[in-house]
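Novice: The structure file final20.csv (CSV, C-alpha atoms and all ligand atoms) is provided below.
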chain,number,residue,atom,x,y,z
W,862,MET,CA,29.3,10.6,-0.9
W,863,GLN,CA,26.9,7.8,-1.9
W,864,ARG,CA,24.1,8.5,-4.3
W,865,LEU,CA,20.3,8.1,-3.7
W,866,LEU,CA,17.5,8.3,-6.2
W,867,THR,CA,13.9,7.4,-6.4
W,868,GLY,CA,11.1,8.2,-8.8
W,869,LEU,CA,7.3,8.2,-9.0
W,870,GLN,CA,4.9,8.1,-11.9
W,871,PRO,CA,2.7,11.2,-12.5
W,872,SER,CA,-0.2,8.9,-13.4
W,873,GLY,CA,-2.6,10.2,-10.8
W,874,ALA,CA,-2.8,11.7,-7.3
W,875,LEU,CA,-0.3,10.2,-5.0
W,876,HIS,CA,-1.6,8.0,-2.2
W,877,ILE,CA,-0.4,7.1,1.3
W,878,GLY,CA,1.2,3.9,-0.1
W,879,ASN,CA,3.5,6.1,-2.3
W,880,TYR,CA,4.2,8.3,0.7
W,881,PHE,CA,5.1,5.6,3.2
W,882,GLY,CA,6.7,3.2,0.7
W,883,ALA,CA,8.9,5.7,-1.2
W,884,LEU,CA,8.6,9.4,-0.4
W,885,LYS,CA,8.9,9.3,3.3
W,886,PRO,CA,11.9,7.0,3.2
W,887,PHE,CA,13.5,9.3,0.7
W,888,VAL,CA,12.8,12.4,2.9
W,889,ASP,CA,14.3,10.6,5.9
W,890,LEU,CA,17.5,9.6,4.0
W,891,TYR,CA,18.2,12.2,1.4
W,892,GLY,CA,20.3,14.6,3.5
W,893,ASP,CA,23.0,12.0,3.9
W,894,TYR,CA,23.4,11.3,0.2
W,895,GLU,CA,23.8,13.1,-3.1
W,896,SER,CA,20.1,12.8,-3.9
W,897,SER,CA,17.8,12.9,-6.9
W,898,LEU,CA,14.1,12.7,-7.1
W,899,LEU,CA,12.6,11.9,-10.4
W,900,VAL,CA,9.1,12.4,-12.0
W,901,VAL,CA,8.9,9.5,-14.4
W,902,ASP,CA,6.6,11.0,-17.0
W,903,TYR,CA,7.6,8.7,-19.9
W,904,HIS,CA,6.7,5.7,-17.6
W,905,ALA,CA,3.3,7.3,-17.0
W,906,LEU,CA,2.8,7.5,-20.7
W,907,THR,CA,2.5,3.7,-20.8
W,908,THR,CA,-0.9,4.1,-19.2
W,909,LEU,CA,-2.0,7.8,-19.5
W,910,LYS,CA,-2.7,9.2,-22.9
W,911,ASN,CA,-4.4,12.5,-21.8
W,912,PRO,CA,-2.0,15.5,-22.3
W,913,GLU,CA,-3.9,17.9,-20.1
W,914,GLU,CA,-4.1,15.3,-17.3
W,915,LEU,CA,-0.4,14.4,-17.6
W,916,ARG,CA,0.6,18.1,-17.5
W,917,GLN,CA,-1.5,18.6,-14.4
W,918,ASN,CA,-0.2,15.4,-12.7
W,919,ILE,CA,3.4,16.5,-13.3
W,920,VAL,CA,2.8,19.8,-11.6
W,921,ASN,CA,1.0,18.1,-8.8
W,922,VAL,CA,3.7,15.5,-8.1
W,923,VAL,CA,6.4,18.1,-7.9
W,924,LYS,CA,4.2,20.1,-5.5
W,925,ASP,CA,3.8,16.9,-3.4
W,926,TYR,CA,7.6,16.5,-3.4
W,927,LEU,CA,8.1,20.0,-2.1
W,928,ALA,CA,5.2,19.7,0.4
W,929,VAL,CA,6.5,16.5,2.0
W,930,GLY,CA,9.8,18.3,2.8
W,931,VAL,CA,12.2,17.8,-0.1
W,932,ASP,CA,14.4,20.9,-0.5
W,933,PRO,CA,15.3,21.4,-4.2
W,934,LYS,CA,18.6,22.8,-3.1
W,935,ARG,CA,19.6,19.6,-1.5
W,936,ALA,CA,18.1,17.1,-4.0
W,937,THR,CA,17.9,17.3,-7.8
W,938,ILE,CA,14.2,17.2,-8.7
W,939,PHE,CA,13.7,16.6,-12.4
W,940,LYS,CA,11.5,14.9,-14.9
W,941,GLN,CA,12.6,12.0,-17.1
W,942,SER,CA,11.5,13.6,-20.4
W,943,ASP,CA,13.8,16.6,-19.8
W,944,VAL,CA,16.9,14.3,-20.0
W,945,PRO,CA,16.7,12.4,-23.3
W,946,GLU,CA,19.7,10.3,-22.3
W,947,HIS,CA,17.2,8.1,-20.2
W,948,THR,CA,15.3,6.9,-23.3
W,949,GLU,CA,18.6,6.6,-25.3
W,950,LEU,CA,20.2,4.4,-22.6
W,951,ALA,CA,17.0,2.3,-22.3
W,952,TRP,CA,17.3,1.5,-26.0
W,953,ILE,CA,20.9,0.3,-25.5
W,954,PHE,CA,19.8,-1.9,-22.6
W,955,GLU,CA,17.0,-3.3,-24.7
W,956,THR,CA,19.5,-4.6,-27.2
W,957,LEU,CA,21.3,-6.5,-24.4
W,958,VAL,CA,18.4,-8.3,-22.6
W,959,THR,CA,16.2,-11.0,-24.1
W,960,VAL,CA,12.5,-11.0,-24.7
W,961,PRO,CA,11.9,-14.0,-22.3
W,962,PHE,CA,13.7,-12.1,-19.6
W,963,LEU,CA,11.4,-9.1,-20.0
W,964,MET,CA,8.4,-11.4,-20.2
W,965,GLN,CA,9.0,-12.3,-16.5
W,966,ALA,CA,8.3,-8.7,-15.4
W,967,HIS,CA,5.3,-8.6,-13.0
W,968,ALA,CA,3.8,-5.4,-14.5
W,969,TYR,CA,3.8,-7.0,-17.9
W,970,LYS,CA,2.7,-10.5,-16.7
W,971,ASP,CA,-0.2,-9.1,-14.6
W,972,LYS,CA,-1.6,-7.1,-17.6
W,973,VAL,CA,-1.4,-10.1,-19.9
W,974,ALA,CA,-2.9,-12.4,-17.2
W,975,LYS,CA,-5.9,-10.0,-17.0
W,976,GLY,CA,-6.4,-10.4,-20.7
W,977,LEU,CA,-5.3,-6.7,-21.3
W,978,GLU,CA,-3.2,-5.7,-24.2
W,979,ALA,CA,0.2,-4.6,-23.0
W,980,ASN,CA,1.9,-1.9,-25.2
W,981,ALA,CA,5.6,-2.3,-26.1
W,982,GLY,CA,6.4,0.6,-23.7
W,983,LEU,CA,5.1,-1.4,-20.8
W,984,PHE,CA,7.1,-4.4,-22.0
W,985,ASN,CA,10.3,-2.4,-22.0
W,986,TYR,CA,9.4,-0.4,-18.9
W,987,PRO,CA,12.1,-2.1,-16.7
W,988,MET,CA,14.9,-1.0,-19.1
W,989,LEU,CA,13.8,2.6,-18.9
W,990,MET,CA,13.8,2.4,-15.1
W,991,ALA,CA,17.2,0.7,-15.3
W,992,ALA,CA,18.4,3.7,-17.3
W,993,ASP,CA,16.9,6.2,-14.8
W,994,ILE,CA,19.1,4.6,-12.1
W,995,LEU,CA,22.3,3.6,-13.9
W,996,LEU,CA,22.9,6.9,-15.7
W,997,TYR,CA,23.7,8.5,-12.3
W,998,ASP,CA,25.8,5.7,-10.7
W,999,ILE,CA,23.2,5.4,-7.9
W,1000,ASP,CA,24.0,3.3,-4.8
W,1001,VAL,CA,20.6,3.2,-3.1
W,1002,VAL,CA,17.0,3.3,-4.4
W,1003,PRO,CA,14.3,3.7,-1.7
W,1004,VAL,CA,11.1,2.0,-3.0
W,1005,GLY,CA,8.1,-0.2,-2.0
W,1006,ALA,CA,8.2,-4.0,-2.3
W,1007,ASP,CA,6.5,-3.9,-5.7
W,1008,GLN,CA,9.7,-2.4,-7.2
W,1009,ARG,CA,12.1,-5.1,-5.9
W,1010,GLN,CA,12.1,-6.9,-9.2
W,1011,HIS,CA,12.6,-3.7,-11.2
W,1012,ILE,CA,15.8,-3.0,-9.2
W,1013,GLU,CA,17.0,-6.6,-9.9
W,1014,TYR,CA,16.4,-5.8,-13.6
W,1015,ALA,CA,18.5,-2.7,-13.3
W,1016,ARG,CA,21.3,-4.7,-11.7
W,1017,GLU,CA,21.0,-7.2,-14.6
W,1018,ALA,CA,21.2,-4.5,-17.2
W,1019,ALA,CA,24.3,-3.1,-15.5
W,1020,ALA,CA,25.9,-6.5,-15.4
W,1021,LYS,CA,25.0,-7.3,-19.0
W,1022,PHE,CA,26.5,-4.0,-20.2
W,1023,ASN,CA,29.6,-4.3,-18.1
W,1024,GLU,CA,30.2,-7.9,-19.3
W,1025,THR,CA,29.8,-6.9,-23.0
W,1026,PHE,CA,31.5,-3.5,-23.1
W,1027,GLY,CA,33.6,-3.3,-19.9
W,1028,GLU,CA,33.1,-2.0,-16.5
W,1029,THR,CA,30.8,1.1,-16.8
W,1030,PHE,CA,27.8,0.9,-14.5
W,1031,LYS,CA,27.4,0.5,-10.8
W,1032,GLU,CA,24.9,-2.1,-9.5
W,1033,PRO,CA,22.3,-0.3,-7.3
W,1034,LYS,CA,20.6,-1.7,-4.2
W,1035,GLU,CA,17.0,-1.3,-3.2
W,1036,ARG,CA,16.0,0.1,0.2
W,1037,ILE,CA,12.7,-1.5,1.2
W,1038,LEU,CA,11.5,-0.8,4.8
W,1039,GLU,CA,9.8,-3.9,6.0
W,1040,SER,CA,7.0,-2.1,7.9
W,1041,VAL,CA,5.9,-0.2,4.9
W,1042,ALA,CA,7.0,-2.4,2.1
W,1043,THR,CA,3.4,-3.0,1.0
W,1044,VAL,CA,0.9,-0.5,2.4
W,1045,PRO,CA,-2.6,-2.0,2.3
W,1046,GLY,CA,-5.5,-0.3,0.6
W,1047,THR,CA,-9.1,0.1,1.7
W,1048,ASP,CA,-9.8,-3.5,0.7
W,1049,GLY,CA,-6.7,-5.0,2.3
W,1050,GLN,CA,-4.9,-5.6,-1.0
W,1051,LYS,CA,-1.9,-3.5,-1.8
W,1052,MET,CA,-2.9,0.1,-2.1
W,1053,SER,CA,-2.8,0.9,-5.8
W,1054,LYS,CA,-4.4,3.4,-8.2
W,1055,SER,CA,-5.3,0.6,-10.5
W,1056,TYR,CA,-7.2,-1.3,-7.7
W,1057,GLY,CA,-9.3,1.8,-6.8
W,1058,ASN,CA,-8.5,1.3,-3.1
W,1059,THR,CA,-6.4,4.3,-2.3
W,1060,ILE,CA,-6.4,7.0,0.4
W,1061,PRO,CA,-5.2,10.1,-1.3
W,1062,LEU,CA,-2.2,11.8,0.4
W,1063,PHE,CA,-3.3,15.3,-0.3
W,1064,GLY,CA,-7.0,14.9,-0.6
W,1065,THR,CA,-9.3,17.3,1.4
W,1066,LYS,CA,-10.2,16.0,4.9
W,1067,ASP,CA,-13.6,15.0,3.4
W,1068,GLU,CA,-12.0,13.0,0.6
W,1069,ILE,CA,-9.7,11.3,3.2
W,1070,ALA,CA,-12.7,10.6,5.4
W,1071,LYS,CA,-14.7,9.1,2.5
W,1072,ALA,CA,-11.8,6.8,1.7
W,1073,VAL,CA,-11.4,5.8,5.3
W,1074,MET,CA,-15.1,5.1,5.8
W,1075,SER,CA,-14.9,2.7,2.8
W,1076,ILE,CA,-12.2,0.5,4.4
W,1077,VAL,CA,-13.6,-3.0,4.4
W,1078,THR,CA,-14.3,-4.3,7.9
W,1079,ASP,CA,-15.0,-7.9,8.8
W,1080,SER,CA,-17.7,-8.0,11.5
W,1081,SER,CA,-16.5,-11.4,12.8
W,1082,GLY,CA,-13.2,-10.1,14.1
W,1083,GLU,CA,-12.5,-8.4,17.4
W,1084,SER,CA,-10.9,-5.4,15.8
W,1085,PRO,CA,-11.1,-4.2,12.2
W,1086,GLU,CA,-7.9,-5.5,10.8
W,1087,HIS,CA,-7.6,-3.3,7.7
W,1088,VAL,CA,-8.4,-0.1,9.6
W,1089,TYR,CA,-5.9,-1.1,12.3
W,1090,ASN,CA,-3.1,-1.9,9.8
W,1091,ILE,CA,-3.5,1.5,8.0
W,1092,HIS,CA,-3.8,3.2,11.4
W,1093,SER,CA,-0.4,1.7,12.5
W,1094,LEU,CA,1.3,3.9,9.9
W,1095,PHE,CA,0.1,7.0,11.7
W,1096,LYS,CA,0.3,5.9,15.3
W,1097,GLU,CA,2.5,3.8,17.5
W,1098,ARG,CA,1.1,0.2,17.9
W,1099,GLY,CA,1.3,0.7,21.7
W,1100,GLU,CA,-1.1,3.6,21.7
W,1101,LEU,CA,-3.3,1.9,19.2
W,1102,GLY,CA,-3.9,-1.2,21.3
W,1103,ALA,CA,-5.7,0.8,24.0
W,1104,LEU,CA,-7.7,2.8,21.4
W,1105,TYR,CA,-8.9,-0.3,19.6
W,1106,LYS,CA,-9.7,-2.0,22.9
W,1107,ALA,CA,-11.9,1.0,23.9
W,1108,ASN,CA,-13.6,1.0,20.5
W,1109,LYS,CA,-14.2,-2.7,20.4
W,1110,GLY,CA,-17.2,-3.4,18.2
W,1111,ASN,CA,-17.5,0.3,17.2
W,1112,TYR,CA,-15.7,0.4,13.9
W,1113,LYS,CA,-17.0,3.8,13.1
W,1114,ALA,CA,-15.2,5.3,16.1
W,1115,SER,CA,-11.9,3.7,15.1
W,1116,LYS,CA,-12.3,5.0,11.5
W,1117,GLU,CA,-13.0,8.5,12.9
W,1118,ALA,CA,-9.9,8.3,15.0
W,1119,LEU,CA,-7.9,7.2,12.0
W,1120,VAL,CA,-9.2,10.2,9.9
W,1121,GLU,CA,-8.0,12.5,12.7
W,1122,ASP,CA,-4.6,10.9,12.9
W,1123,ILE,CA,-4.2,11.1,9.1
W,1124,GLU,CA,-5.3,14.7,9.2
W,1125,ALA,CA,-2.7,15.5,12.0
W,1126,THR,CA,0.1,14.2,9.7
W,1127,VAL,CA,-1.1,15.6,6.4
W,1128,ALA,CA,-2.6,19.0,7.4
W,1129,PRO,CA,0.7,20.8,7.9
W,1130,MET,CA,2.1,19.4,4.6
W,1131,ARG,CA,-1.2,20.3,2.8
W,1132,GLU,CA,-0.9,23.8,4.1
W,1133,ARG,CA,2.7,24.1,2.8
W,1134,ARG,CA,1.6,22.6,-0.5
W,1135,GLU,CA,-1.0,25.3,-1.0
W,1136,SER,CA,1.6,28.0,-1.0
W,1137,ILE,CA,3.6,26.4,-3.9
W,1138,SER,CA,2.9,28.1,-7.2
W,1139,ASP,CA,3.0,26.5,-10.7
W,1140,ASP,CA,5.9,28.9,-11.5
W,1141,GLU,CA,7.9,27.6,-8.6
W,1142,VAL,CA,7.4,24.1,-9.9
W,1143,ARG,CA,8.6,25.2,-13.4
W,1144,THR,CA,11.7,26.8,-11.8
W,1145,VAL,CA,12.5,23.7,-9.7
W,1146,LEU,CA,12.2,21.4,-12.8
W,1147,ALA,CA,14.3,23.7,-15.0
W,1148,GLU,CA,17.1,23.8,-12.5
W,1149,GLY,CA,16.9,20.1,-11.8
W,1150,ALA,CA,16.9,19.3,-15.5
W,1151,GLU,CA,20.0,21.3,-16.0
W,1152,LYS,CA,22.0,19.5,-13.3
W,1153,ALA,CA,20.7,16.1,-14.3
W,1154,ARG,CA,21.5,16.7,-18.0
W,1155,GLU,CA,25.1,17.6,-17.2
W,1156,ARG,CA,25.7,14.3,-15.4
W,1157,ALA,CA,23.7,12.2,-17.8
W,1158,SER,CA,25.5,13.6,-20.9
W,1159,LYS,CA,28.9,12.8,-19.4
W,1160,LYS,CA,27.9,9.3,-18.7
W,1161,MET,CA,26.4,8.8,-22.1
W,1162,THR,CA,29.5,10.1,-23.8
W,1163,GLU,CA,31.3,7.2,-22.0
W,1164,VAL,CA,28.6,4.8,-23.1
W,1165,ARG,CA,28.7,5.9,-26.7
W,1166,LYS,CA,32.4,5.5,-26.9
W,1167,LYS,CA,32.3,2.1,-25.4
W,1168,ILE,CA,29.6,0.7,-27.7
W,1169,GLY,CA,31.3,2.1,-30.8
W,1170,VAL,CA,28.9,4.7,-32.1
W,1171,MET,CA,31.4,7.5,-31.6
W,1172,ILE,CA,33.8,7.6,-34.5
T,1,LIG,P1,5.0,4.0,-8.8
T,1,LIG,O1,4.8,5.3,-9.4
T,1,LIG,O2,4.0,2.9,-9.1
T,1,LIG,O3,5.1,4.1,-7.3
T,1,LIG,C1,6.0,5.0,-6.7
T,1,LIG,C2,6.6,4.5,-5.4
T,1,LIG,O4,5.5,4.2,-4.5
T,1,LIG,C3,5.7,2.8,-4.0
T,1,LIG,N1,4.4,2.3,-3.7
T,1,LIG,C4,4.1,1.6,-2.5
T,1,LIG,N2,4.9,1.3,-1.5
T,1,LIG,C5,4.3,0.6,-0.5
T,1,LIG,N3,3.0,0.2,-0.5
T,1,LIG,C6,2.2,0.5,-1.6
T,1,LIG,N4,0.9,0.1,-1.6
T,1,LIG,C7,2.7,1.2,-2.6
T,1,LIG,N5,2.3,1.6,-3.8
T,1,LIG,C8,3.3,2.3,-4.5
T,1,LIG,C9,6.4,2.1,-5.1
T,1,LIG,O5,7.0,0.9,-4.7
T,1,LIG,C10,7.3,3.1,-5.6
T,1,LIG,O6,8.5,3.1,-4.9
T,1,LIG,N6,8.6,1.9,-11.5
T,1,LIG,C11,8.3,2.9,-10.5
T,1,LIG,C12,8.8,4.3,-10.8
T,1,LIG,C13,10.2,4.5,-11.2
T,1,LIG,C14,11.4,4.4,-10.4
T,1,LIG,C15,12.5,4.7,-11.2
T,1,LIG,C16,11.5,4.3,-9.0
T,1,LIG,C17,10.7,4.7,-12.5
T,1,LIG,N7,12.0,4.8,-12.5
T,1,LIG,C18,13.8,4.8,-10.7
T,1,LIG,C19,12.8,4.3,-8.5
T,1,LIG,C20,13.9,4.6,-9.4
T,1,LIG,C21,6.8,2.9,-10.3
T,1,LIG,O7,6.1,2.5,-11.1
T,1,LIG,O8,6.5,3.5,-9.1
Written as structure tokens, that's how I'd like the structure from this file.
Ligand code: TYM

Specialist:
Amino acid sequence: MQRLLTGLQPSGALHIGNYFGALKPFVDLYGDYESSLLVVDYHALTTLKNPEELRQNIVNVVKDYLAVGVDPKRATIFKQSDVPEHTELAWIFETLVTVPFLMQAHAYKDKVAKGLEANAGLFNYPMLMAADILLYDIDVVPVGADQRQHIEYAREAAAKFNETFGETFKEPKERILESVATVPGTDGQKMSKSYGNTIPLFGTKDEIAKAVMSIVTDSSGESPEHVYNIHSLFKERGELGALYKANKGNYKASKEALVEDIEATVAPMRERRESISDDEVRTVLAEGAEKARERASKKMTEVRKKIGVMI
């Protein structure tokens, strides 16, 4: 059976870009694979330095995973920090790739271009992500388009290691669905926490409505392009055509219709989410960590032997 894995950072509330770009594709696929769903808490530490917030975000993300329909019996749900082999393997990869190679990473380049100070964790971020994937011999990684380069980095780390120490790691493939590769935010740019243009996945109806009402509309166009593009995630384009024709010039009506369509998708998941306790989250993570550790430690024994640290 082929292996599938994806991961999300617990750096804030998940938004509909995370849902359509990564989570939904995972949910649609995971039954056909041996699947793992990761909470990448050490990645989140590159930006979030508030322990209370991080703890809460971790619990929330796992609740989100369960609420969107991931069954912990059919997918290993775990957090990165519970399996120290991830950071260990990342270190080994860091000794194999060069500084100029890592300097090409978009996340790092963007930060520097904005004049912000990038920490060394952000710089090495792609090698920790490579470890997340390569430790488990993953075949397919469902992600949004912004992660394409990171999967290339993972392939490169695998190739470098294999070349140096002998065939050990499988080269993974990304799975990026064209229609949701880059979900736009309320301003038409890529939806992203750092741009402040998100529609929360599990906000209250009021919070969702507030975000939708803030979608930027251009009064010169026939139909509000950004509203329409987000709407097309929730409704067939065929049905939308008629709706936007009827609402021509009345952007508020189109936005109200969008709120109702988001609500129709999210409300049942939100209801399910409310019944999930913190204790359930702890149990899921403990069981997931145990399974993941077993596989990771096997792989790392092989790695330690190959690089020569096991005597
Ligand atoms: P993160 O936490 O930034 O985002 C999680 C997932 O959501 C997708 N995504 C989007 N997709 C479409 N449109 C958008 N506007 C949008 N915004 C976010 C991302 O592409 C991603 O799939 N580096 C990763 C986390 C990670 C990981 C991994 C993923 C760490 N290790 C191993 C897969 C496998 C990240 O920062 O995702």

Novice: Please identify every polymer residue within 6 Å of ligand LIG 1 (chain T), using all atoms listed in the file, and present the set as a PyMOL selection string.

Specialist: chain W and resi 867-870+878-879+882-883+901+990+993-994+1002+1004-1008+1041-1045+1051-1053

Novice: To one decimal in Å, tell me the separation between atom CA of Arg864 of chain W and atom CA of Asp1140 of chain W.

Specialist: 28.3 Å

Novice: One decimal, in Å: what's the spacing between atom CA of Gln941 of chain W and atom CA of Ala1150 of chain W?

Specialist: 8.6 Å

Novice: Using all atoms listed in the file, which protein or nucleic acid residues come within 9 Å of segment 1096-1103 of chain W? Drop anything in the same chain fewer than 6 positions from it, and give the result as JSON, numbers by chain.

Specialist: {"W": [1089, 1119, 1122]}

Novice: For Thr1025 of chain W, which residue out of W:Phe939, W:Val931, W:Val958, W:Ala1147 is the nearest one, using only C-alpha atoms?

Specialist: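 Nearest candidate to Thr1025 of chain W out of W:Phe939, W:Val931, W:Val958, W:Ala1147: W:Val958.
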
Novice: How close does segment 1090-1144 of chain W get to segment 1076-1080 of chain W? List, as a Markdown table, each residue of segment 1090-1144 of chain W within 12 Å, its nearest atom pair and the distance in Å to one decimal, counting only C-alpha atoms.

Specialist:
| residue | atom | partner | partner_atom | distance |
| --- | --- | --- | --- | --- |
| W:Asn1090 | CA | W:Ile1076 | CA | 10.9 |
| W:Ile1091 | CA | W:Ile1076 | CA | 9.5 |
| W:His1092 | CA | W:Ile1076 | CA | 11.3 |
| W:Lys1109 | CA | W:Ser1080 | CA | 10.9 |
| W:Gly1110 | CA | W:Ser1080 | CA | 8.1 |
| W:Asn1111 | CA | W:Ser1080 | CA | 10.1 |
| W:Tyr1112 | CA | W:Thr1078 | CA | 7.7 |
| W:Lys1113 | CA | W:Thr1078 | CA | 10.0 |
| W:Ser1115 | CA | W:Thr1078 | CA | 11.0 |
| W:Lys1116 | CA | W:Ile1076 | CA | 8.4 |
| W:Glu1117 | CA | W:Ile1076 | CA | 11.7 |
| W:Leu1119 | CA | W:Ile1076 | CA | 11.0 |
| W:Val1120 | CA | W:Ile1076 | CA | 11.5 |

Novice: Could you list, as an mmCIF file with C-alpha atoms, in the coordinates of the input, every residue within 8 Å of His1011 of chain W, counting all atoms listed in the file and ignoring same-chain residues fewer than 3 positions away?

Specialist:
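Wrote selection16.cif, looks like this:
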data_model
loop_
_atom_site.group_PDB
_atom_site.id
_atom_site.type_symbol
_atom_site.label_atom_id
_atom_site.label_comp_id
_atom_site.auth_asym_id
_atom_site.auth_seq_id
_atom_site.Cartn_x
_atom_site.Cartn_y
_atom_site.Cartn_z
ATOM 1 C CA ALA W 966 8.300 -8.700 -15.400
ATOM 2 C CA PRO W 987 12.100 -2.100 -16.700
ATOM 3 C CA MET W 990 13.800 2.400 -15.100
ATOM 4 C CA ALA W 991 17.200 0.700 -15.300
ATOM 5 C CA GLN W 1008 9.700 -2.400 -7.200
ATOM 6 C CA TYR W 1014 16.400 -5.800 -13.600
ATOM 7 C CA ALA W 1015 18.500 -2.700 -13.300
#

Novice: Could you tell me which of W:Thr1047, W:Thr1126, W:Asn911, W:Ser1136 comes closest to Ile1060 of chain W if we count only C-alpha atoms?

Specialist: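 Once distances to Ile1060 of chain W are computed over only C-alpha atoms, the minimum belongs to W:Thr1047.
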
Novice: Which residue out of W:Ile877, W:Leu866, W:Leu950, W:Ala1107 has the minimum interatomic distance to Val1001 of chain W when only C-alpha atoms are used?

Specialist: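 Of W:Ile877, W:Leu866, W:Leu950, W:Ala1107, the one nearest Val1001 of chain W, counting only C-alpha atoms, is W:Leu866.
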
Novice: Measuring between all atoms listed in the file, which one of W:Ser897, W:Thr1029, W:Ser1075, W:Asn980 shows the shortest distance to Ala936 of chain W?

Specialist: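 Selected residue with least distance to Ala936 of chain W: W:Ser897.
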
Novice: Grab the atom CA of Glu1013 of chain W to atom CA of Lys1034 of chain W distance for me, in Å with one decimal place.

Specialist: 8.3 Å

Novice: Nearest residue to Leu909 of chain W out of W:Gly930, W:Ala1125, W:Lys970, W:Pro871, using only C-alpha atoms?

Specialist: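 Residue with the minimum atom-to-atom distance to Leu909 of chain W: W:Pro871.
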
Novice: With distances taken over only C-alpha atoms, which residue among W:Arg916, W:Arg1154, W:His876, W:Lys972 lies nearest Phe984 of chain W?

Specialist: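 Nearest to Phe984 of chain W: W:Lys972.
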
Novice: Give me, as an MDAnalysis selection string, all polymer residues having an atom no more than 8 Å from His904 of chain W, counting only C-alpha atoms and skipping those fewer than 6 positions away in the same chain.

Specialist: chainID W and resid 870 982:983 986 989

Novice: Take the point (23.7, 4.3, -15.5) in the file's coordinates, draw a sphere of radius 10 Å around it, and report as a PyMOL selection string every protein, DNA or RNA residue with an atom inside or on it, counting all atoms listed in the file.

Specialist: chain W and resi 946-947+950-951+991-999+1015+1018-1019+1022+1029-1033+1157+1160-1161+1164

Novice: Can you tell me, as a count of residues only, what residues are no more than 7 Å from Asp925 of chain W when counting only C-alpha atoms, ignoring any on the same chain fewer than 4 positions away?

Specialist: 3
